[in-house]
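Accompanying notes for the structure given below.
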Amino acid sequence: MAVEMERESLITEAYNAPVTAHRRVRNDLETSLPKPYMARALKAPDTSHPHGTPGHRHYNLTVLQQHCAFFDRDGNGIVYPWETFMGKKEF
């Protein structure tokens with residue numbers, strides 16, 4: 001049972017999410033990103049920016065909170081469809 005649970009914790013594909021089979025986890029991340037397996041709370045690093053976006057202020061918000069705050073145009077805590085549209089236009 002313990003071996004089966006450990007094996008399941010290492011699976012990188014979810015049967016009900018086919019995209020996980022098409023977008024496999026890279027095996028060279030250790031060379032460009034320190035501890036790629038460790039979740040980051042305030043920054044979103046990638047292979048080109050191992051310390052997150054240069055100059056970006058996180059205001060002690062998690063990456064998910066930062067993402068939501070970008071689309072919450074009026075800061076009321078609710079993201080409406082038109083706010084998503086306006087945020088997307090900024091790209």
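Here's how to read the names in the structure tokens: chain A, B, ... by the order shown, residue numbers from 1 in each chain, ligand numbers from 1 in the order shown.
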Can you list, as a VMD selection string, every residue of chain A that DSSP puts in alpha helix (DSSP H)? chain A and resid 2 to 9 19 to 22 29 to 32 63 to 71 81 to 89
For segment 52-67 of chain A, list every protein, DNA or RNA residue within 6 Å, evaluated using only C-alpha atoms, and leave out those in the same chain fewer than 5 positions away; present the list as a tab-separated table (two decimals) with all heavy atoms, in the first residue's frame.
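Final file, result.tsv:
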chain	number	residue	atom	x	y	z
A	41	ALA	N	5.72	30.89	-3.26
A	41	ALA	CA	4.52	31.60	-2.85
A	41	ALA	C	4.41	32.96	-3.52
A	41	ALA	O	3.33	33.37	-3.93
A	41	ALA	CB	4.50	31.78	-1.34
A	42	LEU	N	5.50	33.70	-3.63
A	42	LEU	CA	5.43	35.09	-4.06
A	42	LEU	C	5.91	35.34	-5.48
A	42	LEU	O	5.61	36.38	-6.06
A	42	LEU	CB	6.24	35.97	-3.11
A	42	LEU	CG	5.84	35.89	-1.63
A	42	LEU	CD1	6.79	36.71	-0.79
A	42	LEU	CD2	4.41	36.34	-1.45
A	43	LYS	N	6.68	34.44	-6.04
A	43	LYS	CA	7.25	34.65	-7.37
A	43	LYS	C	6.96	33.45	-8.27
A	43	LYS	O	6.78	32.34	-7.79
A	43	LYS	CB	8.76	34.86	-7.28
A	43	LYS	CG	9.10	36.10	-6.49
A	43	LYS	CD	10.57	36.40	-6.54
A	43	LYS	CE	10.84	37.68	-5.78
A	43	LYS	NZ	12.16	38.18	-5.99
A	44	ALA	N	6.91	33.72	-9.57
A	44	ALA	CA	6.65	32.66	-10.55
A	44	ALA	C	7.89	32.51	-11.44
A	44	ALA	O	7.97	33.11	-12.50
A	44	ALA	CB	5.42	33.00	-11.39
A	45	PRO	N	8.87	31.71	-11.01
A	45	PRO	CA	10.08	31.55	-11.80
A	45	PRO	C	9.86	30.66	-13.01
A	45	PRO	O	8.94	29.86	-13.06
A	45	PRO	CB	11.06	30.91	-10.83
A	45	PRO	CG	10.18	30.13	-9.91
A	45	PRO	CD	8.91	30.92	-9.79
In Å, with one decimal, what is the gap from atom CA of Phe70 of chain A to atom CA of Thr84 of chain A? 9.0 Å
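The space between atom CA of Phe71 of chain A and atom CA of Met86 of chain A spans 7.8 Å.
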Could you name the residues that touch Phe85 of chain A at 12 Å or less, counting only C-alpha atoms, but leaving out those on the same chain fewer than 4 positions away, as a PyMOL selection string? chain A and resi 70-73+79-81+89-91
Take the residues from that selection and write them out as a PDB file, in the first residue's frame, keeping C-alpha atoms.
ATOM      1  CA  PHE A  70      -4.524  41.914 -12.241  1.00  0.00           C
ATOM      2  CA  PHE A  71      -7.939  41.001 -13.627  1.00  0.00           C
ATOM      3  CA  ASP A  72      -9.926  42.537 -10.739  1.00  0.00           C
ATOM      4  CA  ARG A  73      -9.948  46.006 -12.293  1.00  0.00           C
ATOM      5  CA  VAL A  79     -13.572  39.291 -11.342  1.00  0.00           C
ATOM      6  CA  TYR A  80     -16.359  39.996 -13.803  1.00  0.00           C
ATOM      7  CA  PRO A  81     -16.250  38.959 -17.490  1.00  0.00           C
ATOM      8  CA  LYS A  89      -6.622  43.776 -23.810  1.00  0.00           C
ATOM      9  CA  GLU A  90      -3.587  44.932 -21.798  1.00  0.00           C
ATOM     10  CA  PHE A  91      -1.573  42.022 -23.129  1.00  0.00           C
TER      11      PHE A  91
END
